[in-house]
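Peer 1: Take this structure, written in structure tokens, and hold onto it; I'll ask about it next.
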Amino acid sequence: MNILLKSAIIVDSSNKALHLKKRDILIKDGSIISIASKIDTPANTKEIKLKNLHVSIGWFDSSVSFGEPGYEERETIANGIATAAKSGFTDLVLNPSSTPVPDTSSDIVFLKNAAQNKGVNLYPLGCLTNDAKGESLAELFDMKNAGAVGFYDAKHPISNPNLLKIALQYTESFEGLVYSYPLDKKIAGKGIVNEGTVSTKLGLKGIPALAEELQIARDLFILEYAGGKLHIPTISTANGVKLIADAKKKGLNVSCSVAIHNLIFDDTVLHDFDSNYKVMPPLRTNKDCKALVKGVKDGIIDFVTSDHTPINIENKKVEFDNADYGTTGLESAFGSLNLLFGLEKTIELLTKGRERYGLETLKFKEGEKAFITLFNPEETFIFKREESVSTSKNSAFIGKELKGKAYGIIANNEVLF
Amino acid sequence: MSELSVNHLLGIKYLKEQDIQLIFETADHFKEVINRSIKKVPSLRDINIANIFFENSTRTKLSFELAEKRLSADVINFSAGQSSVKKGETLIDTVNNILSMKVDMVVMRHPNPGAGIFLSRHVKAAIINAGDGAHEHPTQALLDSFSIREKFGDVAGKNVVIVGDILHSRVALSNIFALKLLGANVKVCGPKTLIPKYIESLGVEVETNLRKALNWCDVANMLRIQNERLDISYFPTTREYTQQYGVNKALLNSLDKEIVIMHPGPINRGVEITSDVADSKQSIILNQVENGVAIRMAVIYLLAAKIK
């Protein structure tokens with residue numbers, strides 16, 4: 001398929017010659033053939049002309065959850081991918097949160113196959129331990145060979161420190177990325193929201209920031225001892241940022257991420273028990289939000305993620321205690337980050353992270369594969385439940401004004417809007 | 001002010017001071033009614049009320065039922081033990097089924113914080129929260145403050161200490177909100193393990209020494225240790241708890257002044273207070289129970305007025 005993007009403003013701060021320049025871009029058979037001020041439309045070429053069209057290399061999200069297999073009513077892989085494409089994402093790392101959990105190479109192959117020929121690249125994580133029970137290591141090398149890009153027990157913390165030590169040591173030879181969810185379960189107890197003024201007022205059981213800090217501190221000590229490659233997904237506390245900053249100064253091989261909703265919302269939004277704000281890790285205080293935003297700006301936090309977690313209405317429209325954790329996030333990711341960081345930083349954040357997972361890095365230049373996101377950074381809109389294409393509508397951003405909307409993507413020789 | 005600023009009673013923190021004063025003035029009137037030989041008024045003959053209890057309760061349920069009947073409302077009772085909740089029905093479905101039978105008002109006790117607020121957003125009926133997890137128990141706080149007002153003439157400026165398990169207590173939280181709104185000074189007292197870390201953000205002080213707390217206060221509201229809500233051991237033994245936080249007559253007599261003892265019930269005699277304290281002239285525990293009916297009549301009456 002041949003495509004000509006007309007008058008597109010290229011956002012690529014790594015390429016001074018093209019950054020913020022308006023160009024026509026010709027794509028042929030999935031590759032960028034020509035970037036020039038004016039290209040006449042060749043025969044048999046689909047011309048794309050859109051209002052205030054901006055383009056960048058395709059966006060990457062390091063943490064999404066779909067429901068297949070096991071929770072198809074929440075989001076199938078096909079619908080999840082369609083939602084991602086519409087939201088501007090060309091590459092996704094899929095959390096192992098299905099049922100049964102993916103803990104063998106054949107499970108990984110199933111997930112890869114389910115996503116094949118759908119445009120967006122889906123990179124599954126495999127479970128670190130069998131059945132994600134935290135007891136014995138799954139066949140990590142075998143899963144890596146089948147396409148798993150990291151190993152994670154999907155928000156189940158590793159209770160046994162020796163298991164983490166062994167996992168880091170074992171995976172070092174094949175550069176496996178080990179995830180450790182930052183939560184000490186004993187300290188967290190039966191908590192469901194951040195412990196603080198808000199939880200006190202609402203009579204909700206709190207999870208102290210200490211639960212995250214202790215686990216991160218423990219994991220960093222283990223990493224220093226064992227070596228290997230550690231990823232700490234979705235941190236939520238100011239002290240968490242500090243601990244990771246210190247570890248990076250020491251030269252430890254650690255990365256971390258933060259969910260966009262943890263950057264934007266503090267726990268005061270819980271005042272009327274809206275279960276769309278029930279997320280894990282919990283929304284913390286305004287001070288934590290500020291420290292997380294600073295951590296992103298300073299580069300201590302490696303990537304931001306939508307942490308897209310679709311939950312069906314039956315598990316959200318219930319008493320707060322009984323609601324499941326999670327918010328969808330793919331569709332609101334760009335519009336909310338753009339408000340927070342502005343265009344250039346937002347695109348930088350949405351396009352980084354592939355290297356950590358050993359994935360091919362993308363470049364916006366002639367001769368490269370065309371993995372491109374098309375967007376209008378100036379469009380302001382209210383995020384409405386009925387306009388969401390995700391099967392589940394559990395978004396913390398419903399009713400919020402956002403700025404910036406993706407038109408869609410060009411990826412794997414397909415145009416997806 | 002002749003009507004409440006709210007359509008539901010979901011918690012004290014959603015009320016204004018004028019709301020509480022209106023409830024008190026209305027309760028003054030009903031307290032006089034329930035001390036007549038005919039204790040009933042025809043005010044709510046056309047109102048149907050459902051008492052829905054998803055948690056066990058004796059005194060609160062009886063008190064509400066009596067208040068409703070003395071206002072001549074039609075009353076139905078429902079408790080989760082006998083219901084389809086156990087078969088997996090959702091809260092909204094359960095309540096909507098009851099409302100289809102033309103019920104105007106729901107009094108609900110529920111184990112989850114915010115359950116009343118959740119319900120008020122999804123069903124068409126006035127909701128009275130009769131206790132939702134560790135969140136609020138507004139009518140208890142109203143009757144407690146009403147009892148202090150009855151004893152002292154005013155709540156403003158009084159020193160009130162709430163003693164015991166503050167961490168798991170909706171009574172403590174609602175009392176703090178009500179007392180602060182009415183201008184009282186509030187301290188909480190108990191082992192640090194049973195006091196929420198951020199409680200001072202509500203404008204109260206923490207005192208872990210019972211004698212000091214009692215010497216400071218005009219009123220001590222003694223809470224029960226809620227063994228059923230304790231997931232781990234917050235203190236070694238009940239015996240040791242009583243040694244530090246139990247009030248006995250000797251302690252009471254050794255104080256600089258005569259303080260008033262309150263308790264929301266049920267009492268664990270010999271744990272938080274001894275029998276001679278519970279039955280002493282300093283205790284207003286049974287006045288609280290009587291005032292509970294008057295306060296609940298007032299709340300139901302004022303909310304029913306908003307339905308019409």
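Order determines the names: the first chain of the structure tokens is A, the second B, and so forth; residues in each chain are numbered 1 upward, and ligands are numbered 1 upward as they are shown.
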Given a cut-off of 6 Å, which residues of chain B touch chain A, counting only C-alpha atoms, written out as a PyMOL selection string?

Peer 2: chain B and resi 112+115+134-135+198

Peer 1: When you look at stretch 8-17 of chain A with a cut-off of 8 Å (counting only C-alpha atoms), what residues show up, excluding the ones that are within fewer than 4 positions of it in the same chain? I need them as a VMD selection string.

Peer 2: chain A and resid 21 to 25 52 to 57 344 347 to 348 364

Peer 1: Choose the residue, out of B:Leu194, B:Gln243, B:Asp218, B:Ile273, that has the smallest atom-to-atom separation from B:Lys257; count only C-alpha atoms.

Peer 2: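 For B:Lys257, the nearest of the candidates is B:Asp218.
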
Peer 1: Which residues come within 8 Å of stretch 213-219 of chain A, counting only C-alpha atoms, excluding same-chain residues fewer than 4 positions away, as a list in words?

Peer 2: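 Near neighbours after the sequence-gap exclusion: Pro161, Leu164, Ser180, Pro182, Leu183, Asp184, Ala209, Leu223, Ile232, Thr237, Asn239, Gly240, Leu243 and Ile244 of chain A.
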
Peer 1: Near B:Val247, counting only C-alpha atoms, which residues have an atom at most 9 Å away, once you skip same-chain residues fewer than 3 positions from it, shown as a PyMOL selection string?

Peer 2: chain B and resi 210+222+242-244+250-252+270-274+277

Peer 1: Neighbouring residues of A:Leu349 were defined as those with any atom within 9 Å, considering only C-alpha atoms; residues of the same chain fewer than 2 positions away were excluded. Please report them as a list in words.

Peer 2: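 My reading of the contact set: Trp59, Phe60, Val296, Asp302, Phe303, Val304, Leu337, Glu344, Lys345, Thr346, Ile347, Thr351, Lys352 and Gly353 of chain A.
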
Peer 1: How many Å separate atom CA of A:Cys289 from atom CA of A:Ile235?

Peer 2: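 Going from atom CA of A:Cys289 over to atom CA of A:Ile235 covers 10.7 Å.
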
Peer 1: Using only C-alpha atoms, which of B:Ala141, B:Val289, B:Cys189, B:Ala304 sits nearest B:Leu62?

Peer 2: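 With only C-alpha atoms as the atom set, the closest residue is B:Val289.
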
Peer 1: Among stretch 40-74 of chain A, which residues carry a DSSP assignment of strand (DSSP E or B), reported as a list in words?

Peer 2: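 Answer for stretch 40-74 of chain A restricted to strand (DSSP E or B) is Thr45, Lys46, Glu47, Ile48, His54, Val55, Ser56, Ile57, Trp59, Phe60, Asp61, Ser62, Ser63 and Val64 of chain A.
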
Peer 1: Limited to N, CA, C and O atoms, could you put the picked residues into a file as a PDB file, in the first residue's frame?

Peer 2:
```pdb
ATOM      1  N   THR A  45      -1.875   5.844  -4.945  1.00  0.00           N
ATOM      2  CA  THR A  45      -1.414   6.235  -3.605  1.00  0.00           C
ATOM      3  C   THR A  45      -2.561   6.869  -2.826  1.00  0.00           C
ATOM      4  O   THR A  45      -3.276   7.723  -3.347  1.00  0.00           O
ATOM      5  N   LYS A  46      -2.720   6.407  -1.602  1.00  0.00           N
ATOM      6  CA  LYS A  46      -3.771   6.969  -0.750  1.00  0.00           C
ATOM      7  C   LYS A  46      -3.217   8.243  -0.115  1.00  0.00           C
ATOM      8  O   LYS A  46      -2.181   8.212   0.559  1.00  0.00           O
ATOM      9  N   GLU A  47      -3.922   9.346  -0.362  1.00  0.00           N
ATOM     10  CA  GLU A  47      -3.454  10.620   0.196  1.00  0.00           C
ATOM     11  C   GLU A  47      -4.165  10.883   1.519  1.00  0.00           C
ATOM     12  O   GLU A  47      -5.375  10.749   1.620  1.00  0.00           O
ATOM     13  N   ILE A  48      -3.389  11.226   2.532  1.00  0.00           N
ATOM     14  CA  ILE A  48      -3.999  11.520   3.839  1.00  0.00           C
ATOM     15  C   ILE A  48      -3.725  12.980   4.186  1.00  0.00           C
ATOM     16  O   ILE A  48      -2.574  13.411   4.288  1.00  0.00           O
ATOM     17  N   HIS A  54      -0.047  16.208  12.854  1.00  0.00           N
ATOM     18  CA  HIS A  54       1.300  16.037  13.386  1.00  0.00           C
ATOM     19  C   HIS A  54       1.632  14.554  13.312  1.00  0.00           C
ATOM     20  O   HIS A  54       0.734  13.708  13.415  1.00  0.00           O
ATOM     21  N   VAL A  55       2.903  14.243  13.165  1.00  0.00           N
ATOM     22  CA  VAL A  55       3.311  12.830  13.141  1.00  0.00           C
ATOM     23  C   VAL A  55       4.561  12.632  13.996  1.00  0.00           C
ATOM     24  O   VAL A  55       5.352  13.550  14.187  1.00  0.00           O
ATOM     25  N   SER A  56       4.679  11.427  14.519  1.00  0.00           N
ATOM     26  CA  SER A  56       5.907  11.054  15.234  1.00  0.00           C
ATOM     27  C   SER A  56       6.117   9.567  14.989  1.00  0.00           C
ATOM     28  O   SER A  56       5.245   8.911  14.402  1.00  0.00           O
ATOM     29  N   ILE A  57       7.246   9.034  15.453  1.00  0.00           N
ATOM     30  CA  ILE A  57       7.363   7.575  15.393  1.00  0.00           C
ATOM     31  C   ILE A  57       6.278   6.988  16.294  1.00  0.00           C
ATOM     32  O   ILE A  57       5.747   7.659  17.191  1.00  0.00           O
ATOM     33  N   TRP A  59       3.865   5.274  18.979  1.00  0.00           N
ATOM     34  CA  TRP A  59       3.916   5.350  20.438  1.00  0.00           C
ATOM     35  C   TRP A  59       3.986   3.949  21.048  1.00  0.00           C
ATOM     36  O   TRP A  59       3.462   2.979  20.486  1.00  0.00           O
ATOM     37  N   PHE A  60       4.612   3.930  22.243  1.00  0.00           N
ATOM     38  CA  PHE A  60       4.908   2.669  22.924  1.00  0.00           C
ATOM     39  C   PHE A  60       4.323   2.716  24.337  1.00  0.00           C
ATOM     40  O   PHE A  60       4.486   3.708  25.043  1.00  0.00           O
ATOM     41  N   ASP A  61       3.627   1.668  24.738  1.00  0.00           N
ATOM     42  CA  ASP A  61       3.116   1.604  26.110  1.00  0.00           C
ATOM     43  C   ASP A  61       3.640   0.333  26.779  1.00  0.00           C
ATOM     44  O   ASP A  61       3.421  -0.768  26.283  1.00  0.00           O
ATOM     45  N   SER A  62       4.304   0.503  27.918  1.00  0.00           N
ATOM     46  CA  SER A  62       4.970  -0.628  28.579  1.00  0.00           C
ATOM     47  C   SER A  62       4.062  -1.422  29.501  1.00  0.00           C
ATOM     48  O   SER A  62       4.499  -2.385  30.116  1.00  0.00           O
ATOM     49  N   SER A  63       2.794  -1.023  29.632  1.00  0.00           N
ATOM     50  CA  SER A  63       1.920  -1.768  30.549  1.00  0.00           C
ATOM     51  C   SER A  63       0.450  -1.640  30.167  1.00  0.00           C
ATOM     52  O   SER A  63      -0.204  -0.659  30.504  1.00  0.00           O
ATOM     53  N   VAL A  64      -0.034  -2.648  29.430  1.00  0.00           N
ATOM     54  CA  VAL A  64      -1.478  -2.696  29.185  1.00  0.00           C
ATOM     55  C   VAL A  64      -1.973  -4.090  29.577  1.00  0.00           C
ATOM     56  O   VAL A  64      -1.221  -5.065  29.540  1.00  0.00           O
TER      57      VAL A  64
END
```

Peer 1: So, with only C-alpha atoms as the atoms that count, which of A:Ile33, A:Leu340, A:Ala84, A:Ile382 lies closest to A:Lys369?

Peer 2: A:Ile33

Peer 1: As an exercise, work out the distance from atom CA of B:Asn209 to atom CA of B:Ile195 in Å and give it to one decimal place.

Peer 2: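 According to the coordinates, atom CA of B:Asn209 and atom CA of B:Ile195 are separated by 13.0 Å.
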
Peer 1: Please run DSSP on the backbone and report, as a PyMOL selection string, all residues within stretch 80-252 of chain A that come out as alpha helix (DSSP H).

Peer 2: chain A and resi 80-86+105-115+140-146+161-171+185-188+197-202+209-226+238-250

Peer 1: Would you mind listing what lies within 9 Å of stretch 5-13 of chain B as a CSV table (one decimal) with N, CA and C atoms, in the first residue's frame, with only C-alpha atoms counted and same-chain residues fewer than 2 positions away left out?

Peer 2:
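Output contents, as saved in out-v7.csv:
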```
chain,number,residue,atom,x,y,z
A,201,LYS,N,-10.7,10.2,56.7
A,201,LYS,CA,-12.0,10.8,56.6
A,201,LYS,C,-13.0,9.9,56.1
B,3,GLU,N,-35.7,23.6,56.8
B,3,GLU,CA,-35.5,22.3,56.2
B,3,GLU,C,-34.0,22.0,56.1
B,15,LEU,N,-23.2,17.5,56.4
B,15,LEU,CA,-24.2,18.4,57.0
B,15,LEU,C,-23.5,19.7,57.3
B,16,LYS,N,-24.4,20.7,57.5
B,16,LYS,CA,-24.0,22.0,58.0
B,16,LYS,C,-24.3,22.1,59.5
B,18,GLN,N,-26.1,24.3,60.9
B,18,GLN,CA,-27.6,24.6,61.0
B,18,GLN,C,-28.4,23.3,60.8
B,19,ASP,N,-28.0,22.4,60.0
B,19,ASP,CA,-28.7,21.1,59.9
B,19,ASP,C,-28.8,20.4,61.2
B,20,ILE,N,-27.6,20.4,61.9
B,20,ILE,CA,-27.6,19.7,63.2
B,20,ILE,C,-28.5,20.4,64.2
B,114,GLY,N,-18.9,3.9,52.5
B,114,GLY,CA,-19.5,4.6,51.2
B,114,GLY,C,-20.6,3.9,50.6
B,116,GLY,N,-23.7,3.7,51.5
B,116,GLY,CA,-24.9,4.6,51.4
B,116,GLY,C,-24.8,5.6,50.3
B,117,ILE,N,-23.6,6.2,50.2
B,117,ILE,CA,-23.4,7.2,49.1
B,117,ILE,C,-23.5,6.5,47.7
B,120,SER,N,-27.2,6.0,47.2
B,120,SER,CA,-28.0,7.3,46.9
B,120,SER,C,-27.8,7.8,45.5
B,125,ALA,N,-34.6,7.0,46.3
B,125,ALA,CA,-35.2,6.9,47.7
B,125,ALA,C,-34.3,7.8,48.6
B,126,ALA,N,-34.9,8.3,49.6
B,126,ALA,CA,-34.0,9.0,50.6
B,126,ALA,C,-33.3,7.9,51.4
B,127,ILE,N,-32.0,8.1,51.6
B,127,ILE,CA,-31.2,7.1,52.3
B,127,ILE,C,-30.7,7.6,53.6
B,128,ILE,N,-30.9,6.8,54.6
B,128,ILE,CA,-30.3,7.1,55.9
B,128,ILE,C,-29.2,6.1,56.2
B,129,ASN,N,-28.0,6.6,56.4
B,129,ASN,CA,-26.9,5.7,56.7
B,129,ASN,C,-27.0,5.3,58.2
B,130,ALA,N,-27.2,4.0,58.5
B,130,ALA,CA,-27.2,3.5,59.9
B,130,ALA,C,-25.9,2.8,60.2
B,131,GLY,N,-24.8,3.3,59.5
B,131,GLY,CA,-23.5,2.7,59.8
B,131,GLY,C,-23.0,2.0,58.5
B,135,HIS,N,-16.7,4.0,58.2
B,135,HIS,CA,-16.9,5.3,57.7
B,135,HIS,C,-17.7,6.2,58.6
B,136,GLU,N,-19.0,6.1,58.6
B,136,GLU,CA,-19.8,7.0,59.5
B,136,GLU,C,-21.0,6.3,60.1
B,137,HIS,N,-21.5,6.8,61.2
B,137,HIS,CA,-22.7,6.4,61.8
B,137,HIS,C,-23.4,7.6,62.3
B,138,PRO,N,-23.9,8.4,61.4
B,138,PRO,CA,-24.3,9.8,61.7
B,138,PRO,C,-25.4,9.9,62.8
B,139,THR,N,-26.4,9.0,62.9
B,139,THR,CA,-27.4,9.2,63.9
B,139,THR,C,-26.8,8.9,65.3
B,141,ALA,N,-23.8,9.8,66.2
B,141,ALA,CA,-23.1,11.0,66.6
B,141,ALA,C,-24.0,12.1,67.0
B,142,LEU,N,-25.2,12.1,66.2
B,142,LEU,CA,-26.2,13.2,66.5
B,142,LEU,C,-26.7,12.9,67.9
B,173,LEU,N,-15.5,8.5,64.2
B,173,LEU,CA,-15.3,9.4,63.0
B,173,LEU,C,-16.5,10.4,63.0
B,174,SER,N,-17.7,9.8,63.1
B,174,SER,CA,-18.9,10.7,63.0
B,174,SER,C,-19.0,11.6,64.2
B,175,ASN,N,-18.6,11.1,65.4
B,175,ASN,CA,-18.5,12.0,66.6
B,175,ASN,C,-17.5,13.1,66.4
B,177,PHE,N,-16.6,14.5,63.6
B,177,PHE,CA,-17.1,15.5,62.7
B,177,PHE,C,-18.2,16.4,63.4
B,178,ALA,N,-19.1,15.7,64.1
B,178,ALA,CA,-20.2,16.4,64.8
B,178,ALA,C,-19.7,17.4,65.9
B,181,LEU,N,-17.9,20.4,64.4
B,181,LEU,CA,-18.9,21.3,63.8
B,181,LEU,C,-19.6,22.1,64.8
B,299,VAL,N,-34.7,13.0,62.4
B,299,VAL,CA,-34.0,12.8,61.1
B,299,VAL,C,-35.0,12.3,60.0
B,303,LEU,N,-36.3,14.4,56.7
B,303,LEU,CA,-36.0,13.9,55.4
B,303,LEU,C,-37.3,13.6,54.6
B,304,ALA,N,-38.3,13.1,55.3
B,304,ALA,CA,-39.6,12.8,54.7
B,304,ALA,C,-40.2,14.1,54.2
B,306,LYS,N,-38.7,16.5,52.9
B,306,LYS,CA,-38.0,16.8,51.6
B,306,LYS,C,-38.5,15.9,50.4
B,307,ILE,N,-39.0,14.7,50.8
B,307,ILE,CA,-39.6,13.9,49.7
B,307,ILE,C,-40.9,14.5,49.2
```

Peer 1: Looking at A:Asp288, A:Asp29, A:Glu331, A:Glu378, which one is nearest to A:Asn412, with distances taken over only C-alpha atoms?

Peer 2: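 Among the listed residues, the smallest separation from A:Asn412 belongs to A:Asp29.
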